[in-house]
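> Compact mmCIF, C-alpha atoms and all ligand atoms, saved as upload-v3.txt, coming up:
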# COMPACT_ATOMS: atom_id res chain seq x y z
CA MET A 22 191.42 99.80 93.89
CA VAL A 23 187.82 100.71 93.46
CA ASN A 24 186.80 100.27 89.90
CA LEU A 25 185.52 103.44 88.28
CA ASP A 26 184.01 101.47 85.41
CA ASP A 27 181.86 99.45 87.85
CA THR A 28 180.66 102.67 89.48
CA ASN A 29 179.82 104.07 86.07
CA LYS A 30 177.79 100.96 85.17
CA GLU A 31 176.01 101.01 88.50
CA PHE A 32 175.13 104.69 88.06
CA HIS A 33 173.65 104.00 84.61
CA ASN A 34 171.59 101.10 85.95
CA GLU A 35 170.21 103.16 88.77
CA LEU A 36 169.50 106.13 86.50
CA LYS A 37 167.48 103.92 84.13
CA ASN A 38 165.04 103.04 86.89
CA ILE A 39 164.44 106.58 88.07
CA SER A 40 160.86 107.69 87.54
CA ASN A 41 160.50 110.93 89.46
CA ASN A 42 162.38 114.00 90.67
CA ASP A 43 162.74 112.83 94.26
CA GLU A 44 164.47 109.64 93.20
CA LEU A 45 166.72 111.67 90.91
CA THR A 46 167.71 114.02 93.72
CA ASN A 47 168.56 111.04 95.94
CA LEU A 48 170.73 109.60 93.17
CA GLN A 49 172.49 112.94 92.77
CA ILE A 50 173.24 113.07 96.52
CA LYS A 51 174.42 109.47 96.53
CA TYR A 52 176.96 110.05 93.72
CA LEU A 53 177.72 113.77 93.73
CA GLY A 54 176.91 114.88 97.29
CA ARG A 55 179.49 116.01 99.84
CA ASN A 56 179.76 112.49 101.22
CA GLY A 57 178.96 110.96 97.88
CA ILE A 58 180.76 108.28 95.88
CA ILE A 59 182.67 110.74 93.63
CA ASN A 60 184.06 112.60 96.64
CA ASP A 61 185.05 109.26 98.17
CA PHE A 62 187.07 108.63 95.03
CA LEU A 63 188.73 112.06 95.29
CA LYS A 64 189.57 111.51 98.96
CA LYS A 65 191.29 108.30 98.04
CA ILE A 66 193.75 110.11 95.73
CA ASN A 67 196.40 110.03 98.43
CA ASP A 68 196.45 106.24 98.25
CA ILE A 69 197.19 106.33 94.56
CA PRO A 70 200.83 105.97 93.42
CA THR A 71 202.19 109.41 92.41
CA GLU A 72 202.64 108.58 88.73
CA GLU A 73 198.98 107.52 88.43
CA LYS A 74 197.52 110.42 90.41
CA LYS A 75 197.08 112.74 87.44
CA GLU A 76 195.39 110.12 85.30
CA TYR A 77 193.17 109.00 88.24
CA GLY A 78 192.10 112.55 89.05
CA LYS A 79 191.23 113.21 85.43
CA LYS A 80 189.09 110.06 85.21
CA VAL A 81 187.20 110.87 88.41
CA ASN A 82 186.49 114.36 87.14
CA GLU A 83 185.26 113.05 83.79
CA LEU A 84 183.00 110.64 85.60
CA LYS A 85 181.69 113.45 87.78
CA ASN A 86 180.95 115.66 84.76
CA SER A 87 179.29 112.81 82.91
CA PHE A 88 177.05 112.08 85.92
CA LEU A 89 176.15 115.78 86.15
CA ARG A 90 175.19 115.89 82.47
CA LEU A 91 173.19 112.70 82.60
CA ILE A 92 171.33 113.89 85.69
CA GLU A 93 170.46 117.16 83.93
CA VAL A 94 169.21 115.30 80.87
CA LYS A 95 167.10 113.02 83.07
CA ARG A 96 165.65 115.99 84.94
CA LYS A 97 164.55 117.55 81.68
CA GLU A 98 163.04 114.28 80.55
CA LEU A 99 161.06 114.00 83.75
CA SER A 100 159.71 117.53 83.50
CA GLU A 101 158.59 116.91 79.90
CA LYS A 102 156.93 113.68 80.91
CA LYS A 103 155.07 115.61 83.54
CA SER A 104 153.72 118.07 80.97
CA ASP A 105 152.19 115.11 79.05
CA LYS A 106 149.94 114.68 82.03
CA PHE A 107 149.16 118.37 82.25
CA PHE A 108 145.92 118.87 84.08
CA ASP A 109 143.72 121.36 82.31
CA SER A 110 141.64 122.84 85.09
CA THR A 111 139.46 124.70 82.58
CA LEU A 112 137.98 121.45 81.17
CA PRO A 113 134.49 120.62 82.41
CA GLY A 114 134.57 118.03 85.20
CA LYS A 115 133.15 114.52 85.10
CA THR A 116 129.43 114.63 85.57
CA PHE A 117 127.25 112.02 87.19
CA PRO A 118 123.67 111.40 86.08
CA ILE A 119 121.28 113.51 88.11
CA GLY A 120 118.13 111.81 89.31
CA SER A 121 114.69 113.37 89.14
CA LEU A 122 111.33 112.82 90.74
CA HIS A 123 109.33 109.91 89.38
CA ILE A 124 106.40 111.18 87.28
CA VAL A 125 103.94 109.92 89.87
CA SER A 126 105.76 111.66 92.76
CA PHE A 127 105.93 114.80 90.66
CA ALA A 128 102.18 114.68 89.96
CA ILE A 129 101.44 114.07 93.65
CA GLU A 130 103.37 117.23 94.54
CA GLU A 131 101.65 119.22 91.81
CA ILE A 132 98.15 118.07 92.81
CA THR A 133 98.85 118.63 96.50
CA LYS A 134 99.90 122.23 95.82
CA ILE A 135 96.84 122.92 93.66
CA PHE A 136 94.49 121.83 96.43
CA GLU A 137 96.47 123.36 99.29
CA LYS A 138 95.99 126.74 97.59
CA ILE A 139 92.24 126.48 98.19
CA GLY A 140 92.54 125.26 101.78
CA PHE A 141 92.58 121.48 101.38
CA ILE A 142 94.74 119.48 103.77
CA ARG A 143 96.83 116.68 102.35
CA VAL A 144 96.48 113.38 104.20
CA SER A 145 97.43 109.82 103.43
CA TYR A 146 95.30 107.05 104.90
CA PRO A 147 96.27 103.35 105.15
CA GLU A 148 96.54 101.33 101.98
CA VAL A 149 95.93 98.22 104.10
CA ASP A 150 92.68 98.90 105.94
CA TRP A 151 89.57 97.31 107.42
CA GLU A 152 86.61 96.36 105.27
CA TYR A 153 84.73 98.79 107.47
CA SER A 154 86.57 101.89 106.20
CA ALA A 155 86.74 100.63 102.63
CA PHE A 156 83.08 99.51 102.37
CA GLU A 157 80.68 99.53 105.35
CA ALA A 158 81.34 103.15 106.28
CA LEU A 159 80.70 104.00 102.62
CA ASN A 160 77.17 102.62 102.55
CA MET A 161 78.27 99.28 101.10
CA PRO A 162 77.15 96.67 103.65
CA LYS A 163 78.47 93.08 103.71
CA GLY A 164 77.39 91.08 100.68
CA HIS A 165 76.60 94.20 98.66
CA PRO A 166 77.27 93.46 94.98
CA ALA A 167 79.08 96.81 94.52
CA ARG A 168 81.96 95.35 96.52
CA ASP A 169 82.57 92.95 93.64
CA ASP A 170 83.29 95.87 91.32
CA PHE A 171 86.61 96.24 93.03
CA GLU A 172 87.54 92.53 93.27
CA THR A 173 89.29 93.35 96.48
CA SER A 174 92.40 91.54 97.75
CA TYR A 175 92.02 90.28 101.33
CA ILE A 176 94.86 90.11 103.85
CA ASP A 177 95.45 86.91 105.84
CA PHE A 178 94.73 88.50 109.22
CA PRO A 179 92.23 87.67 112.01
CA GLU A 180 88.82 89.20 111.32
CA ASN A 181 87.63 91.99 113.62
CA LEU A 182 84.06 91.75 114.92
CA LYS A 183 83.20 95.35 114.08
CA PHE A 184 85.66 96.21 111.32
CA GLY A 185 85.68 92.91 109.40
CA LYS A 186 88.65 91.67 107.39
CA MET A 187 91.78 93.51 106.36
CA VAL A 188 91.95 94.49 102.69
CA LEU A 189 94.27 96.19 100.26
CA THR A 190 92.21 99.33 99.76
CA PRO A 191 90.65 99.37 96.28
CA HIS A 192 90.08 103.15 96.47
CA THR A 193 91.03 106.19 98.56
CA SER A 194 87.41 106.57 99.71
CA ASN A 195 88.44 104.62 102.85
CA GLY A 196 89.85 108.00 103.97
CA GLN A 197 86.40 109.64 104.08
CA ASN A 198 85.19 108.04 107.32
CA ARG A 199 88.65 108.26 108.89
CA GLU A 200 88.92 111.99 108.09
CA MET A 201 85.41 112.75 109.40
CA LYS A 202 86.38 111.05 112.66
CA ARG A 203 89.78 112.74 112.81
CA VAL A 204 88.38 116.25 112.30
CA GLY A 205 85.27 115.61 114.39
CA LYS A 206 83.25 118.62 113.28
CA PRO A 207 83.06 120.28 109.83
CA PRO A 208 84.52 122.16 108.03
CA ILE A 209 86.45 119.35 106.33
CA ARG A 210 88.66 119.93 103.33
CA MET A 211 90.69 116.81 102.66
CA ILE A 212 92.92 115.70 99.84
CA ASN A 213 93.84 112.06 100.48
CA ILE A 214 96.55 110.63 98.23
CA SER A 215 97.34 106.94 98.63
CA LYS A 216 98.10 103.67 96.91
CA CYS A 217 95.15 101.53 95.83
CA TYR A 218 94.95 97.95 94.59
CA ARG A 219 92.75 96.23 92.03
CA PRO A 220 93.67 93.06 90.14
CA ASN A 221 93.94 94.53 86.64
CA TRP A 222 96.96 94.66 84.36
CA ASP A 223 96.68 96.25 80.92
CA ALA A 224 97.66 99.46 79.09
CA THR A 225 95.49 101.62 81.34
CA HIS A 226 95.58 99.63 84.62
CA THR A 227 98.28 98.45 86.98
CA PRO A 228 97.36 96.32 90.05
CA MET A 229 98.83 99.03 92.27
CA PHE A 230 97.97 102.62 91.43
CA PHE A 231 97.43 105.97 93.13
CA GLN A 232 94.21 107.89 93.68
CA PHE A 233 93.61 111.35 95.03
CA GLU A 234 90.39 111.81 96.91
CA GLY A 235 88.83 115.17 97.65
CA LEU A 236 86.32 115.55 100.46
CA CYS A 237 84.60 118.78 101.39
CA VAL A 238 81.99 118.93 104.16
CA ASP A 239 80.58 122.13 105.58
CA LEU A 240 77.37 124.15 105.92
CA ASP A 241 75.56 124.76 102.60
CA ILE A 242 77.89 122.77 100.38
CA ASN A 243 76.28 122.04 97.02
CA ILE A 244 77.00 120.83 93.49
CA THR A 245 77.97 124.33 92.36
CA ASN A 246 80.87 124.24 94.83
CA LEU A 247 81.85 120.84 93.47
CA LYS A 248 81.72 122.00 89.85
CA GLY A 249 83.72 125.13 90.68
CA THR A 250 86.41 123.08 92.41
CA LEU A 251 86.62 120.63 89.51
CA ASP A 252 86.92 123.50 87.00
CA TYR A 253 89.64 125.08 89.14
CA PHE A 254 91.58 121.81 89.31
CA ALA A 255 91.19 121.09 85.57
CA GLU A 256 92.51 124.53 84.57
CA LYS A 257 95.41 124.40 87.01
CA TYR A 258 96.48 120.86 86.22
CA PHE A 259 95.68 120.45 82.51
CA GLY A 260 96.01 124.06 81.44
CA LYS A 261 93.95 127.19 80.89
CA GLY A 262 90.68 126.76 79.04
CA THR A 263 90.15 123.12 80.15
CA LYS A 264 86.48 122.55 80.96
CA THR A 265 84.69 119.85 82.95
CA ARG A 266 81.30 118.21 82.64
CA LEU A 267 79.31 115.91 84.93
CA ARG A 268 77.51 112.81 83.66
CA PRO A 269 74.98 110.99 85.87
CA HIS A 270 76.39 107.79 87.36
CA HIS A 271 76.02 105.60 90.45
CA PHE A 272 78.16 105.13 93.52
CA GLN A 273 76.92 103.76 96.85
CA PHE A 274 78.56 106.54 98.83
CA THR A 275 77.37 109.58 96.87
CA GLU A 276 73.91 110.81 95.93
CA PRO A 277 73.60 112.16 93.32
CA SER A 278 76.66 110.61 91.68
CA PHE A 279 78.52 111.61 88.54
CA GLU A 280 81.38 110.78 86.32
CA VAL A 281 83.57 113.78 85.48
CA ASP A 282 84.98 114.43 82.03
CA VAL A 283 87.47 117.11 81.03
CA THR A 284 87.92 118.57 77.57
CA CYS A 285 90.55 116.59 75.68
CA THR A 286 94.06 117.93 76.20
CA VAL A 287 94.95 117.16 72.56
CA CYS A 288 91.98 118.55 70.53
CA LYS A 289 90.91 120.95 73.32
CA GLY A 290 87.38 119.59 73.09
CA THR A 291 86.84 120.49 69.43
CA SER A 292 86.30 116.90 68.25
CA LYS A 293 82.66 115.66 67.95
CA VAL A 294 81.24 112.15 68.39
CA ASN A 295 81.39 110.12 65.15
CA GLU A 296 83.42 112.80 63.40
CA ASN A 297 86.44 111.00 64.83
CA LYS A 298 88.86 113.83 64.30
CA CYS A 299 90.87 113.34 67.48
CA LYS A 300 92.63 109.99 67.97
CA VAL A 301 92.97 110.46 71.73
CA CYS A 302 89.40 111.28 72.80
CA LYS A 303 87.12 110.63 69.77
CA SER A 304 84.48 112.92 71.28
CA GLY A 305 86.22 116.02 72.65
CA TRP A 306 86.07 114.68 76.25
CA LEU A 307 88.21 112.45 78.44
CA GLU A 308 86.93 110.66 81.53
CA LEU A 309 88.55 111.79 84.76
CA GLY A 310 86.79 109.70 87.45
CA GLY A 311 83.92 109.54 89.94
CA THR A 312 82.32 112.17 92.11
CA GLY A 313 79.09 113.17 93.83
CA MET A 314 77.42 114.62 96.91
CA VAL A 315 78.32 112.63 100.04
CA HIS A 316 75.50 110.19 100.90
CA PRO A 317 73.69 111.04 104.18
CA ASN A 318 74.47 107.53 105.52
CA VAL A 319 78.18 108.19 105.01
CA LEU A 320 77.99 111.48 106.92
CA THR A 321 76.04 109.81 109.74
CA GLU A 322 78.57 106.97 109.97
CA GLY A 323 81.30 109.59 110.23
CA GLY A 324 79.50 111.26 113.15
CA ILE A 325 78.23 114.22 111.12
CA ASP A 326 74.59 115.33 111.10
CA PRO A 327 73.41 115.19 107.45
CA LYS A 328 70.50 117.53 108.27
CA LYS A 329 72.94 120.23 109.21
CA PHE A 330 75.94 119.58 106.98
CA SER A 331 76.42 118.53 103.39
CA GLY A 332 79.46 117.69 101.31
CA TRP A 333 80.93 116.37 98.11
CA ALA A 334 83.68 113.90 97.30
CA PHE A 335 85.63 112.77 94.26
CA GLY A 336 88.23 110.10 93.55
CA PHE A 337 90.58 110.29 90.55
CA GLY A 338 93.52 108.14 89.45
CA ILE A 339 96.94 109.80 89.48
CA GLU A 340 98.33 107.62 86.68
CA ARG A 341 95.24 108.45 84.66
CA VAL A 342 95.54 112.24 84.96
CA ILE A 343 99.24 112.01 84.03
CA MET A 344 98.28 109.96 80.99
CA MET A 345 95.70 112.56 79.97
CA LYS A 346 98.02 115.49 80.54
CA TYR A 347 100.95 114.14 78.50
CA GLY A 348 99.01 112.00 75.99
CA LEU A 349 100.70 108.75 77.15
CA ASP A 350 99.27 105.44 76.01
CA ASP A 351 100.65 102.78 78.38
CA ILE A 352 100.81 103.29 82.13
CA ARG A 353 102.81 100.08 82.61
CA ASN A 354 105.83 102.18 81.55
CA TYR A 355 105.52 104.21 84.76
CA TYR A 356 106.60 101.21 86.81
CA SER A 357 108.94 99.50 84.37
CA GLY A 358 111.94 101.30 85.90
CA ASP A 359 113.14 102.15 82.37
CA ILE A 360 115.20 105.33 82.80
CA ARG A 361 114.80 106.25 79.11
CA PHE A 362 111.07 106.62 79.67
CA LEU A 363 111.24 108.21 83.11
CA GLU A 364 113.89 110.85 82.33
CA GLN A 365 111.61 112.48 79.76
CA PHE A 366 109.58 114.11 82.48
N1 LIG B 401 85.89 105.59 94.97
C1 LIG B 401 85.43 105.75 93.60
C2 LIG B 401 86.26 104.86 92.68
O1 LIG B 401 87.35 104.48 93.05
C3 LIG B 401 85.54 107.18 93.13
C4 LIG B 401 84.68 108.14 93.91
C5 LIG B 401 85.19 108.78 95.00
C6 LIG B 401 83.35 108.37 93.52
C7 LIG B 401 84.40 109.70 95.71
C8 LIG B 401 82.58 109.25 94.21
C9 LIG B 401 83.09 109.93 95.29
O2 LIG B 401 85.86 104.56 91.59
As C-alpha cells, please, write out the structure in this file.

Amino acid sequence: MVNLDDTNKEFHNELKNISNNDELTNLQIKYLGRNGIINDFLKKINDIPTEEKKEYGKKVNELKNSFLRLIEVKRKELSEKKSDKFFDSTLPGKTFPIGSLHIVSFAIEEITKIFEKIGFIRVSYPEVDWEYSAFEALNMPKGHPARDDFETSYIDFPENLKFGKMVLTPHTSNGQNREMKRVGKPPIRMINISKCYRPNWDATHTPMFFQFEGLCVDLDINITNLKGTLDYFAEKYFGKGTKTRLRPHHFQFTEPSFEVDVTCTVCKGTSKVNENKCKVCKSGWLELGGTGMVHPNVLTEGGIDPKKFSGWAFGFGIERVIMMKYGLDDIRNYYSGDIRFLEQF
C-alpha cells in the first residue's frame, strides 16, 4: 500500500523549496488537483480491506486538509515577502551624471554669437598650414626675425616651392590670406577660430591653445571702426561697462599696430599703477591681445587693392579671455581633464 507518511514527507520537502506563486500553484495541482495524489489515494479506497476503509479515509482527508492549510500559509508568506520588495514608483529615479560643454567650447560658441550679431562669418582655417599662409602672406619673408617670436613647430613633409614647409600654425592670422582669397572681393567680415601651437608650458600658456581672429576689410575702414568693434566685444563678453584701450605695438602684418587692454574684470578698472589695490591687474587694465590696421602688403598678397580698400585685424587667445572673465589663474587646468574643475562652468 502506498505510504501516506512518505507522501506527507515528500510534500513538506517540496513545499520548503517553493519560492514563488507559480511553483506553489503547481504543487497544489500535483497534490490536490482532480488528478492529483490525494485523489489517487481516495480512488484506491476500494482496494482497502473493509475494516480499514474508515481509518484510511480519515487519514487521507486529514492529509488533504493539512496540505490545504500549509499551502495557504505559504501563499501568505510569499505575498508578504513580495511586499518587502515593494517598488515605490514615487521615489526619484537613478540619475546619471550629465555632461556639459568644455569651457573652451562654451567660449567659442559665445564669441561666435557675439560676432555673428554684427555680420561676421565664422570660419576655421587649417591648424597645419604652409609657411606661406602663416608668414610670407603676412609680410614676414623667409629669414625674418619675427618668425622666431613664435618658435614654430615644423611638420616632416616635403617642402613646396611656393608655399614652403608645413607648420603647426602659431596664430590664426594664417586665415587672413586664405579668407581674402576665398571671398575674392571685399567686404570681408571674418571670425576665424582655430587651434594654434607654440612651445610654451606654464600657468598662462599651453603648447596648444585657441585664438579667435577678426578680419574686416571694406571701403573706408578705419581705426574708429576697430575701436568700436573692440568696445562692443568687450561689453558683450566681459560685461557692461568694460572699456578698451589701444597701446602702440609692432606686428609685421598690421600698420599701425596695437596691443588691446580691457578694464580689469575684478576691480573694474579702478586700480592705479603702483597703488596695487587689485591683485589681478595691478593697474586697472588687463592685456587682451594684438590688433592693428591690415598692412598694405598683406592686402596686396590677398589680391585686394590697398589703394581702394582698407581693413583691420585682431588676434586674441580664447583661454586668455576665459581666464580674464572668470579670474582663473592656471590655464593648464582647462586641459587636465579634471571633472571637478570643469563642472564648475
Ligand atoms: N597674430 C598675432 C599674435 O598671435 C595677433 C594679431 C592678429 C595681431 C591680427 C595683429 C593683427 O600675436
> At most 8 Å is the cut-off: for each residue in chain A with any atom that close to an atom of ligand LIG 401 (chain B), write down the nearest atom pair and the distance in Å rounded to one decimal, counting all atoms listed in the file, chain first then increasing number, as a tab-separated table.

residue	atom	partner	partner_atom	distance
A:Pro191	CA	B:LIG401	O1	6.9
A:His192	CA	B:LIG401	O1	4.6
A:Thr193	CA	B:LIG401	N1	6.3
A:Ser194	CA	B:LIG401	N1	5.1
A:Gln232	CA	B:LIG401	O1	7.7
A:Glu234	CA	B:LIG401	C5	6.3
A:Gly235	CA	B:LIG401	C7	7.3
A:Leu236	CA	B:LIG401	C7	7.8
A:Phe272	CA	B:LIG401	C8	6.1
A:Phe274	CA	B:LIG401	C9	6.7
A:Thr275	CA	B:LIG401	C8	5.9
A:Ser278	CA	B:LIG401	C8	6.6
A:Phe279	CA	B:LIG401	C8	7.4
A:Glu280	CA	B:LIG401	C6	7.8
A:Gly310	CA	B:LIG401	C3	6.3
A:Gly311	CA	B:LIG401	C6	3.8
A:Thr312	CA	B:LIG401	C8	3.6
A:Gly313	CA	B:LIG401	C8	5.3
A:Met314	CA	B:LIG401	C9	7.5
A:Val315	CA	B:LIG401	C9	7.3
A:Trp333	CA	B:LIG401	C9	7.4
A:Ala334	CA	B:LIG401	C9	4.5
A:Phe335	CA	B:LIG401	C7	3.6
A:Gly336	CA	B:LIG401	C5	3.6
A:Phe337	CA	B:LIG401	C3	6.5
> Can you pull out every residue within 12 Å of Pro162 (chain A), counting only C-alpha atoms, but drop anything in the same chain fewer than 2 positions away, and send it as JSON, numbers by chain?
{"A": [152, 153, 154, 155, 156, 157, 158, 159, 160, 164, 165, 166, 167, 168, 169, 184, 185, 273, 274, 318, 319]}
> Deliver the residues from the most recent selection as a file, using C-alpha atoms, as a tab-separated table (two decimals), keeping the file's coordinate frame.

chain	number	residue	atom	x	y	z
A	152	GLU	CA	86.61	96.36	105.27
A	153	TYR	CA	84.73	98.79	107.47
A	154	SER	CA	86.57	101.89	106.20
A	155	ALA	CA	86.74	100.63	102.63
A	156	PHE	CA	83.08	99.51	102.37
A	157	GLU	CA	80.68	99.53	105.35
A	158	ALA	CA	81.34	103.15	106.28
A	159	LEU	CA	80.70	104.00	102.62
A	160	ASN	CA	77.17	102.62	102.55
A	164	GLY	CA	77.39	91.08	100.68
A	165	HIS	CA	76.60	94.20	98.66
A	166	PRO	CA	77.27	93.46	94.98
A	167	ALA	CA	79.08	96.81	94.52
A	168	ARG	CA	81.96	95.35	96.52
A	169	ASP	CA	82.57	92.95	93.64
A	184	PHE	CA	85.66	96.21	111.32
A	185	GLY	CA	85.68	92.91	109.40
A	273	GLN	CA	76.92	103.76	96.85
A	274	PHE	CA	78.56	106.54	98.83
A	318	ASN	CA	74.47	107.53	105.52
A	319	VAL	CA	78.18	108.19	105.01
> For region 237-249 of chain A, find every residue with an atom within 10 Å (counting all atoms listed in the file), except residues of its own chain fewer than 2 positions away, and show them as a ChimeraX atom specification.
/A:141,197,201,206-212,235,251-255,265-267,277,281,312-315,320,325,327-335
> Emit the selected residues as a PDB file, in the frame of the given file, including C-alpha atoms.

ATOM      1  CA  PHE A 141      92.580 121.480 101.380  1.00  0.00           C
ATOM      2  CA  GLN A 197      86.400 109.640 104.080  1.00  0.00           C
ATOM      3  CA  MET A 201      85.410 112.750 109.400  1.00  0.00           C
ATOM      4  CA  LYS A 206      83.250 118.620 113.280  1.00  0.00           C
ATOM      5  CA  PRO A 207      83.060 120.280 109.830  1.00  0.00           C
ATOM      6  CA  PRO A 208      84.520 122.160 108.030  1.00  0.00           C
ATOM      7  CA  ILE A 209      86.450 119.350 106.330  1.00  0.00           C
ATOM      8  CA  ARG A 210      88.660 119.930 103.330  1.00  0.00           C
ATOM      9  CA  MET A 211      90.690 116.810 102.660  1.00  0.00           C
ATOM     10  CA  ILE A 212      92.920 115.700  99.840  1.00  0.00           C
ATOM     11  CA  GLY A 235      88.830 115.170  97.650  1.00  0.00           C
ATOM     12  CA  LEU A 251      86.620 120.630  89.510  1.00  0.00           C
ATOM     13  CA  ASP A 252      86.920 123.500  87.000  1.00  0.00           C
ATOM     14  CA  TYR A 253      89.640 125.080  89.140  1.00  0.00           C
ATOM     15  CA  PHE A 254      91.580 121.810  89.310  1.00  0.00           C
ATOM     16  CA  ALA A 255      91.190 121.090  85.570  1.00  0.00           C
ATOM     17  CA  THR A 265      84.690 119.850  82.950  1.00  0.00           C
ATOM     18  CA  ARG A 266      81.300 118.210  82.640  1.00  0.00           C
ATOM     19  CA  LEU A 267      79.310 115.910  84.930  1.00  0.00           C
ATOM     20  CA  PRO A 277      73.600 112.160  93.320  1.00  0.00           C
ATOM     21  CA  VAL A 281      83.570 113.780  85.480  1.00  0.00           C
ATOM     22  CA  THR A 312      82.320 112.170  92.110  1.00  0.00           C
ATOM     23  CA  GLY A 313      79.090 113.170  93.830  1.00  0.00           C
ATOM     24  CA  MET A 314      77.420 114.620  96.910  1.00  0.00           C
ATOM     25  CA  VAL A 315      78.320 112.630 100.040  1.00  0.00           C
ATOM     26  CA  LEU A 320      77.990 111.480 106.920  1.00  0.00           C
ATOM     27  CA  ILE A 325      78.230 114.220 111.120  1.00  0.00           C
ATOM     28  CA  PRO A 327      73.410 115.190 107.450  1.00  0.00           C
ATOM     29  CA  LYS A 328      70.500 117.530 108.270  1.00  0.00           C
ATOM     30  CA  LYS A 329      72.940 120.230 109.210  1.00  0.00           C
ATOM     31  CA  PHE A 330      75.940 119.580 106.980  1.00  0.00           C
ATOM     32  CA  SER A 331      76.420 118.530 103.390  1.00  0.00           C
ATOM     33  CA  GLY A 332      79.460 117.690 101.310  1.00  0.00           C
ATOM     34  CA  TRP A 333      80.930 116.370  98.110  1.00  0.00           C
ATOM     35  CA  ALA A 334      83.680 113.900  97.300  1.00  0.00           C
ATOM     36  CA  PHE A 335      85.630 112.770  94.260  1.00  0.00           C
TER      37      PHE A 335
END
> Extract, using only C-alpha atoms, all DNA, RNA and protein residues at most 9 Å from Asp350 (chain A), discarding same-chain residues fewer than 2 positions from it, and format them as a VMD selection string.
chain A and resid 224 to 225 344 to 345 348 352
> Kindly indicate which residue among A:Leu122, A:Val342, A:Leu91, A:Ile58 lies nearest to Leu363 (chain A), using only C-alpha atoms for the distances.
A:Leu122
> Kindly give the distance, in Å, that separates CA of Lys74 (chain A) and CA of Leu25 (chain A), rounded to a single decimal.
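These atoms are spaced 14.0 Å apart.
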> So that I can check the surroundings of Ile124 (chain A), please list as a ChimeraX atom specification every protein, DNA and RNA residue that reaches within 12 Å of it, counting all atoms listed in the file and ignoring chain neighbours fewer than 2 positions away.
/A:120-122,126-131,231,339-344,346-347,349,352,354-356,358,360,362-366
> With all atoms listed in the file as the atoms that count, which of A:Pro228, A:Gly260, A:Gly205, A:Gly305 lies nearest to Asp326 (chain A)?
A:Gly205
> Skip region 284-301 of chain A itself and residues of its chain fewer than 4 positions away, then list as a VMD selection string all residues within 6 Å of it, counting all atoms listed in the file.
chain A and resid 263 to 264 305 to 307
> So how far away is CA of Lys216 (chain A) from CA of Pro118 (chain A), in Å?
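A separation of 28.8 Å between them.
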> Measure the distance from CA of Lys37 (chain A) to CA of Tyr77 (chain A) in Å and round it to one decimal.
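Spanning CA of Lys37 (chain A) to CA of Tyr77 (chain A) is a straight-line distance of 26.5 Å.
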> Would you be able to write out as a VMD selection string which residues have an atom within 7 Å of (92.2, 111.3, 105.4) in the file's coordinates, counting only C-alpha atoms?
chain A and resid 144 to 146 196 to 197 199 to 200 211 213
> Using all atoms listed in the file, can you tell me which of A:Phe178, A:Phe230, A:Pro269, A:Lys95 comes closest to Asn38 (chain A)?
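With all atoms listed in the file as the atom set, the closest residue is A:Lys95.
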> Reconstruct N, CA, C and O atoms of region 283-293 of chain A; output as a PDB file, in the frame of the given file.

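Now in selection_16.pdb:
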ATOM      1  N   VAL A 283      86.842 115.811  81.331  1.00  0.00           N
ATOM      2  CA  VAL A 283      87.470 117.110  81.030  1.00  0.00           C
ATOM      3  C   VAL A 283      87.680 117.190  79.528  1.00  0.00           C
ATOM      4  O   VAL A 283      87.810 116.159  78.855  1.00  0.00           O
ATOM      5  N   THR A 284      87.698 118.419  79.010  1.00  0.00           N
ATOM      6  CA  THR A 284      87.920 118.570  77.570  1.00  0.00           C
ATOM      7  C   THR A 284      89.290 117.995  77.231  1.00  0.00           C
ATOM      8  O   THR A 284      90.250 118.158  77.978  1.00  0.00           O
ATOM      9  N   CYS A 285      89.344 117.300  76.103  1.00  0.00           N
ATOM     10  CA  CYS A 285      90.550 116.590  75.680  1.00  0.00           C
ATOM     11  C   CYS A 285      91.752 117.532  75.607  1.00  0.00           C
ATOM     12  O   CYS A 285      91.668 118.623  75.032  1.00  0.00           O
ATOM     13  N   THR A 286      92.867 117.082  76.170  1.00  0.00           N
ATOM     14  CA  THR A 286      94.060 117.930  76.200  1.00  0.00           C
ATOM     15  C   THR A 286      94.711 118.052  74.826  1.00  0.00           C
ATOM     16  O   THR A 286      95.509 118.940  74.588  1.00  0.00           O
ATOM     17  N   VAL A 287      94.347 117.124  73.909  1.00  0.00           N
ATOM     18  CA  VAL A 287      94.950 117.160  72.560  1.00  0.00           C
ATOM     19  C   VAL A 287      94.133 118.057  71.620  1.00  0.00           C
ATOM     20  O   VAL A 287      94.643 119.008  71.034  1.00  0.00           O
ATOM     21  N   CYS A 288      92.789 117.768  71.480  1.00  0.00           N
ATOM     22  CA  CYS A 288      91.980 118.550  70.530  1.00  0.00           C
ATOM     23  C   CYS A 288      91.277 119.721  71.212  1.00  0.00           C
ATOM     24  O   CYS A 288      90.561 120.476  70.572  1.00  0.00           O
ATOM     25  N   LYS A 289      91.510 119.858  72.536  1.00  0.00           N
ATOM     26  CA  LYS A 289      90.910 120.950  73.320  1.00  0.00           C
ATOM     27  C   LYS A 289      89.387 120.927  73.257  1.00  0.00           C
ATOM     28  O   LYS A 289      88.728 121.971  73.298  1.00  0.00           O
ATOM     29  N   GLY A 290      88.834 119.732  73.062  1.00  0.00           N
ATOM     30  CA  GLY A 290      87.380 119.590  73.090  1.00  0.00           C
ATOM     31  C   GLY A 290      86.705 119.925  71.783  1.00  0.00           C
ATOM     32  O   GLY A 290      85.478 120.001  71.723  1.00  0.00           O
ATOM     33  N   THR A 291      87.465 120.083  70.708  1.00  0.00           N
ATOM     34  CA  THR A 291      86.840 120.490  69.430  1.00  0.00           C
ATOM     35  C   THR A 291      86.269 119.302  68.661  1.00  0.00           C
ATOM     36  O   THR A 291      85.425 119.458  67.790  1.00  0.00           O
ATOM     37  N   SER A 292      86.754 118.083  68.971  1.00  0.00           N
ATOM     38  CA  SER A 292      86.300 116.900  68.250  1.00  0.00           C
ATOM     39  C   SER A 292      84.874 116.518  68.642  1.00  0.00           C
ATOM     40  O   SER A 292      84.488 116.653  69.795  1.00  0.00           O
ATOM     41  N   LYS A 293      84.061 116.053  67.655  1.00  0.00           N
ATOM     42  CA  LYS A 293      82.660 115.660  67.950  1.00  0.00           C
ATOM     43  C   LYS A 293      82.496 114.156  67.786  1.00  0.00           C
ATOM     44  O   LYS A 293      83.222 113.517  67.027  1.00  0.00           O
TER      45      LYS A 293
END
